[in-house]
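The next block is coords.txt, given as compact mmCIF, C-alpha atoms.
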```txt
# COMPACT_ATOMS: atom_id res chain seq x y z
CA MET A 1 -91.87 -99.89 19.15
CA ALA A 2 -90.40 -100.44 22.60
CA LEU A 3 -87.00 -99.12 23.65
CA ALA A 4 -86.42 -102.29 25.65
CA ARG A 5 -88.25 -105.14 27.33
CA VAL A 6 -87.92 -105.74 31.06
CA VAL A 7 -88.90 -108.99 32.72
CA LEU A 8 -90.34 -108.66 36.22
CA ASN A 9 -89.60 -111.24 38.91
CA SER A 10 -93.24 -112.31 38.48
CA GLY A 11 -92.47 -113.23 34.87
CA ARG A 12 -94.52 -110.41 33.36
CA HIS A 13 -92.90 -108.69 30.37
CA LEU A 14 -92.93 -104.88 30.25
CA ASP A 15 -92.20 -102.76 27.20
CA LEU A 16 -90.28 -99.58 28.00
CA THR A 17 -91.85 -96.91 25.79
CA GLU A 18 -90.28 -93.74 27.20
CA LEU A 19 -87.19 -93.10 29.33
CA ARG A 20 -85.67 -89.96 30.82
CA PHE A 21 -82.30 -89.88 32.58
CA SER A 22 -81.02 -87.09 34.78
CA SER A 23 -78.09 -86.66 37.10
CA THR A 24 -79.29 -87.08 40.67
CA TYR A 25 -77.17 -84.20 41.90
CA GLY A 26 -76.53 -82.33 38.65
CA GLY A 27 -77.05 -78.60 39.05
CA MET A 28 -77.31 -78.91 42.82
CA PRO A 29 -76.94 -75.47 44.38
CA ASP A 30 -74.72 -74.90 47.40
CA GLY A 31 -75.15 -77.60 49.97
CA TYR A 32 -74.58 -81.29 50.15
CA PRO A 33 -76.56 -84.49 49.52
CA CYS A 34 -78.77 -85.05 52.55
CA ARG A 35 -82.26 -86.33 53.28
CA PRO A 36 -84.05 -82.96 52.67
CA VAL A 37 -82.27 -82.51 49.30
CA ASN A 38 -83.05 -86.10 48.31
CA GLU A 39 -86.70 -85.80 49.25
CA LEU A 40 -87.01 -82.64 47.13
CA LYS A 41 -85.39 -84.42 44.18
CA ILE A 42 -87.74 -87.40 44.51
CA LYS A 43 -90.79 -85.15 44.90
CA GLY A 44 -89.79 -83.23 41.76
CA LEU A 45 -89.35 -86.41 39.72
CA LEU A 46 -92.73 -87.78 40.83
CA SER A 47 -94.44 -84.45 40.09
CA SER A 48 -92.93 -84.11 36.62
CA ALA A 49 -93.84 -87.72 35.79
CA ASP A 50 -97.42 -87.13 36.88
CA GLN A 51 -97.68 -83.88 34.90
CA ALA A 52 -96.23 -85.48 31.77
CA SER A 53 -98.93 -88.16 31.69
CA PRO A 54 -101.77 -87.55 34.17
CA ALA A 55 -103.71 -90.64 33.05
CA THR A 56 -100.83 -92.97 33.90
CA PRO A 57 -100.18 -93.92 37.53
CA VAL A 58 -96.70 -93.17 38.91
CA HIS A 59 -94.69 -95.37 41.25
CA LEU A 60 -91.40 -94.77 43.07
CA VAL A 61 -88.98 -97.66 43.53
CA GLN A 62 -87.47 -96.81 46.90
CA PRO A 63 -83.82 -95.95 46.25
CA VAL A 64 -80.85 -97.37 48.06
CA ARG A 65 -79.45 -94.68 50.34
CA GLU A 66 -75.82 -94.61 51.44
CA TYR A 67 -74.48 -92.78 54.46
CA PRO A 68 -70.76 -92.11 53.97
CA ASP A 69 -68.72 -91.23 57.01
CA GLN A 70 -68.59 -87.50 56.34
CA TYR A 71 -69.22 -84.40 58.39
CA ALA A 72 -72.92 -83.81 59.05
CA GLY A 73 -73.91 -80.26 58.23
CA ALA A 74 -76.87 -78.14 59.25
CA PHE A 75 -79.34 -80.40 57.39
CA GLY A 76 -78.20 -83.64 58.98
CA PRO A 77 -75.95 -86.47 57.87
CA VAL A 78 -74.75 -86.89 54.31
CA GLU A 79 -77.16 -89.19 52.45
CA MET A 80 -76.32 -90.31 48.91
CA LEU A 81 -78.70 -91.69 46.29
CA PRO A 82 -77.43 -93.51 43.19
CA PRO A 83 -76.09 -91.02 40.62
CA VAL A 84 -78.68 -91.51 37.85
CA ALA A 85 -82.38 -90.70 38.27
CA CYS A 86 -84.69 -92.48 35.81
CA VAL A 87 -88.31 -91.96 34.81
CA GLY A 88 -89.68 -94.64 32.53
CA THR A 89 -93.10 -95.40 31.13
CA PHE A 90 -93.89 -99.08 30.72
CA ARG A 91 -96.70 -100.92 28.96
CA SER A 92 -97.78 -104.53 29.26
CA THR A 93 -100.65 -106.86 28.61
CA PRO A 94 -103.94 -105.81 30.21
CA LEU A 95 -104.92 -106.66 33.76
CA ASP A 96 -108.52 -107.10 32.52
CA PRO A 97 -108.47 -109.29 29.40
CA ASN A 98 -111.30 -107.22 27.89
CA LEU A 99 -109.08 -104.14 27.61
CA TYR A 100 -106.12 -103.28 25.36
CA GLY A 101 -103.16 -103.01 27.74
CA SER A 102 -101.82 -101.73 31.04
CA HIS A 103 -99.35 -98.96 31.81
CA LEU A 104 -97.33 -97.45 34.63
CA THR A 105 -94.68 -94.75 34.96
CA VAL A 106 -91.85 -95.73 37.29
CA VAL A 107 -89.27 -93.51 38.96
CA TRP A 108 -86.06 -95.25 40.07
CA PHE A 109 -82.36 -94.62 40.59
CA GLN A 110 -79.43 -96.56 39.22
CA SER A 111 -75.64 -96.46 39.19
CA SER A 112 -75.14 -95.58 35.51
CA ALA A 113 -77.00 -94.31 32.45
CA TRP A 114 -77.91 -97.59 30.80
CA VAL A 115 -81.25 -98.77 29.45
CA PRO A 116 -82.67 -101.59 31.58
CA SER A 117 -83.33 -104.71 29.58
CA GLY A 118 -84.47 -108.26 30.12
CA CYS A 119 -83.50 -109.62 33.51
CA ASP A 120 -80.57 -107.18 33.83
CA ALA A 121 -82.68 -104.33 35.21
CA GLU A 122 -82.15 -103.03 38.74
CA SER A 123 -83.63 -105.44 41.28
CA GLY A 124 -86.06 -102.83 42.63
CA LEU A 125 -87.40 -102.25 39.14
CA ARG A 126 -87.88 -105.98 38.57
CA GLU A 127 -89.84 -106.25 41.83
CA VAL A 128 -92.55 -103.74 40.83
CA ALA A 129 -95.97 -105.10 41.81
CA TRP A 130 -97.50 -104.47 38.39
CA GLU A 131 -100.91 -105.98 39.12
CA GLU A 132 -101.35 -103.65 42.13
CA LEU A 133 -99.87 -100.44 40.65
CA ALA A 134 -100.58 -100.35 36.91
CA CYS A 135 -103.89 -99.51 35.32
CA ASP A 136 -105.52 -100.63 32.11
CA TYR A 137 -106.20 -98.40 29.13
CA GLU A 138 -108.30 -98.58 25.99
CA LEU A 139 -107.43 -97.45 22.51
```
Would you mind writing the file's structure down as structure tokens?
Amino acid sequence: MALARVVLNSGRHLDLTELRFSSTYGGMPDGYPCRPVNELKIKGLLSSADQASPATPVHLVQPVREYPDQYAGAFGPVEMLPPVACVGTFRSTPLDPNLYGSHLTVVWFQSSAWVPSGCDAESGLREVAWEELACDYEL
């Protein structure tokens, strides 16, 4: 049973089968949000998604980055990502009609901890090029 169904801009329907939320900057040690911190966070999310399901490809929806007018420290300007990091596994109809289905794990960021559904998902999530990124699987 799916947690939710997301409709891509292409019209393809995806079933969300697993979802993990985390605070983008929760537990951040001393420092401030900047490009090096953000790149480490993204790298960690991609790595954990890959380790959780090695047979499923992983894709990052490039996050929106904000640059507030704040003092730039030793690591460069302040760079903010949306506050909620998401890792979701999606399934859909197969790319090859002879197989059972297709799947893809997606990492994205959003403004609050809500489950994407229908056409109300973040625009970057709805623009995922499923046919290029997902892979088929058999039972």
How would you write as a list in words the residues that get within 9 Å of (-105.8, -96.0, 30.2) in the file's frame, counting only C-alpha atoms?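 Returned residue set, sorted by chain then number, is Ala55, Thr56, Tyr100, Gly101, Ser102, His103, Cys135, Asp136, Tyr137, Glu138 and Leu139 of chain A.
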Which of A:Cys86, A:Ala134, A:Met28, A:Cys34 sits closest to Ala74 in chain A [using only C-alpha atoms]: A:Cys34
Find the residues near Ser48 in chain A: any atom within 12 Å, counting all atoms listed in the file, skip ones fewer than 2 places away on the same chain, and give them as a ChimeraX atom specification. /A:20,41-46,50-54,58,86-88,105-107
To one decimal place, how far is CA of Cys119 in chain A from CA of Val7 in chain A in Å? 5.5 Å
Selection near range 65-68 of chain A, 7 Å with only C-alpha atoms, sequence-local residues under 6 positions removed, as number ranges by chain: A: 78-81
Could you list, as an NGL selection string, every residue within 12 Å of Trp130 in chain A, counting only C-alpha atoms and ignoring same-chain residues fewer than 2 positions away? :A and (7-14 or 57-59 or 90-95 or 102-106 or 125-128 or 132-136)
Between A:Ser22, A:Val6, A:Asn98, A:Gln70, single out the one closest to Glu122 in chain A, counting all atoms listed in the file. A:Val6
Would you mind putting back all heavy atoms on range 11-22 of chain A, then writing it out as a tab-separated table (two decimals), keeping the file's coordinate frame?
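What landed in out.tsv:
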```
chain	number	residue	atom	x	y	z
A	11	GLY	N	-92.44	-112.65	36.21
A	11	GLY	CA	-92.47	-113.23	34.87
A	11	GLY	C	-93.16	-112.35	33.84
A	11	GLY	O	-93.08	-112.61	32.64
A	12	ARG	N	-93.83	-111.32	34.28
A	12	ARG	CA	-94.52	-110.41	33.36
A	12	ARG	C	-93.49	-109.63	32.55
A	12	ARG	O	-92.49	-109.17	33.07
A	12	ARG	CB	-95.42	-109.44	34.12
A	12	ARG	CG	-96.16	-108.46	33.19
A	12	ARG	CD	-97.00	-107.48	33.98
A	12	ARG	NE	-98.27	-108.06	34.38
A	12	ARG	CZ	-99.37	-108.02	33.64
A	12	ARG	NH1	-99.35	-107.47	32.44
A	12	ARG	NH2	-100.49	-108.54	34.08
A	13	HIS	N	-93.77	-109.46	31.27
A	13	HIS	CA	-92.90	-108.69	30.37
A	13	HIS	C	-93.45	-107.27	30.24
A	13	HIS	O	-94.65	-107.08	30.01
A	13	HIS	CB	-92.85	-109.34	28.98
A	13	HIS	CG	-92.17	-110.66	28.98
A	13	HIS	ND1	-90.93	-110.84	28.44
A	13	HIS	CD2	-92.53	-111.86	29.50
A	13	HIS	CE1	-90.56	-112.10	28.60
A	13	HIS	NE2	-91.53	-112.73	29.24
A	14	LEU	N	-92.56	-106.29	30.39
A	14	LEU	CA	-92.93	-104.88	30.25
A	14	LEU	C	-92.17	-104.29	29.09
A	14	LEU	O	-90.97	-104.51	28.95
A	14	LEU	CB	-92.56	-104.09	31.51
A	14	LEU	CG	-93.03	-104.59	32.86
A	14	LEU	CD1	-92.56	-103.66	33.95
A	14	LEU	CD2	-94.54	-104.74	32.89
A	15	ASP	N	-92.86	-103.51	28.27
A	15	ASP	CA	-92.20	-102.76	27.20
A	15	ASP	C	-91.93	-101.35	27.69
A	15	ASP	O	-92.85	-100.65	28.14
A	15	ASP	CB	-93.08	-102.71	25.95
A	15	ASP	CG	-93.17	-104.06	25.26
A	15	ASP	OD1	-92.22	-104.87	25.39
A	15	ASP	OD2	-94.19	-104.32	24.60
A	16	LEU	N	-90.67	-100.94	27.63
A	16	LEU	CA	-90.28	-99.58	28.00
A	16	LEU	C	-90.54	-98.69	26.79
A	16	LEU	O	-89.93	-98.87	25.74
A	16	LEU	CB	-88.80	-99.55	28.39
A	16	LEU	CG	-88.20	-98.20	28.75
A	16	LEU	CD1	-88.89	-97.61	29.98
A	16	LEU	CD2	-86.71	-98.36	29.00
A	17	THR	N	-91.47	-97.74	26.93
A	17	THR	CA	-91.85	-96.91	25.79
A	17	THR	C	-91.28	-95.50	25.85
A	17	THR	O	-91.24	-94.81	24.84
A	17	THR	CB	-93.38	-96.82	25.67
A	17	THR	OG1	-93.91	-96.26	26.87
A	17	THR	CG2	-93.99	-98.20	25.41
A	18	GLU	N	-90.87	-95.07	27.05
A	18	GLU	CA	-90.28	-93.74	27.20
A	18	GLU	C	-89.32	-93.80	28.38
A	18	GLU	O	-89.60	-94.45	29.39
A	18	GLU	CB	-91.36	-92.70	27.47
A	18	GLU	CG	-90.84	-91.29	27.59
A	18	GLU	CD	-91.96	-90.28	27.82
A	18	GLU	OE1	-93.14	-90.60	27.64
A	18	GLU	OE2	-91.62	-89.14	28.22
A	19	LEU	N	-88.18	-93.11	28.26
A	19	LEU	CA	-87.19	-93.10	29.33
A	19	LEU	C	-86.49	-91.76	29.39
A	19	LEU	O	-86.06	-91.23	28.36
A	19	LEU	CB	-86.16	-94.22	29.10
A	19	LEU	CG	-85.02	-94.33	30.11
A	19	LEU	CD1	-85.54	-94.60	31.51
A	19	LEU	CD2	-84.05	-95.41	29.68
A	20	ARG	N	-86.42	-91.20	30.60
A	20	ARG	CA	-85.67	-89.96	30.82
A	20	ARG	C	-84.63	-90.20	31.91
A	20	ARG	O	-84.95	-90.72	32.97
A	20	ARG	CB	-86.61	-88.83	31.27
A	20	ARG	CG	-87.50	-88.33	30.15
A	20	ARG	CD	-88.38	-87.19	30.60
A	20	ARG	NE	-89.44	-87.73	31.46
A	20	ARG	CZ	-89.87	-87.16	32.56
A	20	ARG	NH1	-89.37	-86.02	32.99
A	20	ARG	NH2	-90.82	-87.70	33.28
A	21	PHE	N	-83.39	-89.81	31.61
A	21	PHE	CA	-82.30	-89.88	32.58
A	21	PHE	C	-81.99	-88.46	33.05
A	21	PHE	O	-82.08	-87.52	32.28
A	21	PHE	CB	-81.01	-90.39	31.94
A	21	PHE	CG	-81.00	-91.84	31.57
A	21	PHE	CD1	-80.70	-92.22	30.27
A	21	PHE	CD2	-81.23	-92.83	32.51
A	21	PHE	CE1	-80.65	-93.55	29.92
A	21	PHE	CE2	-81.17	-94.16	32.17
A	21	PHE	CZ	-80.88	-94.53	30.87
A	22	SER	N	-81.58	-88.36	34.30
A	22	SER	CA	-81.02	-87.09	34.78
A	22	SER	C	-80.00	-87.43	35.86
A	22	SER	O	-80.06	-88.48	36.49
A	22	SER	CB	-82.10	-86.15	35.32
A	22	SER	OG	-82.78	-86.72	36.43
```
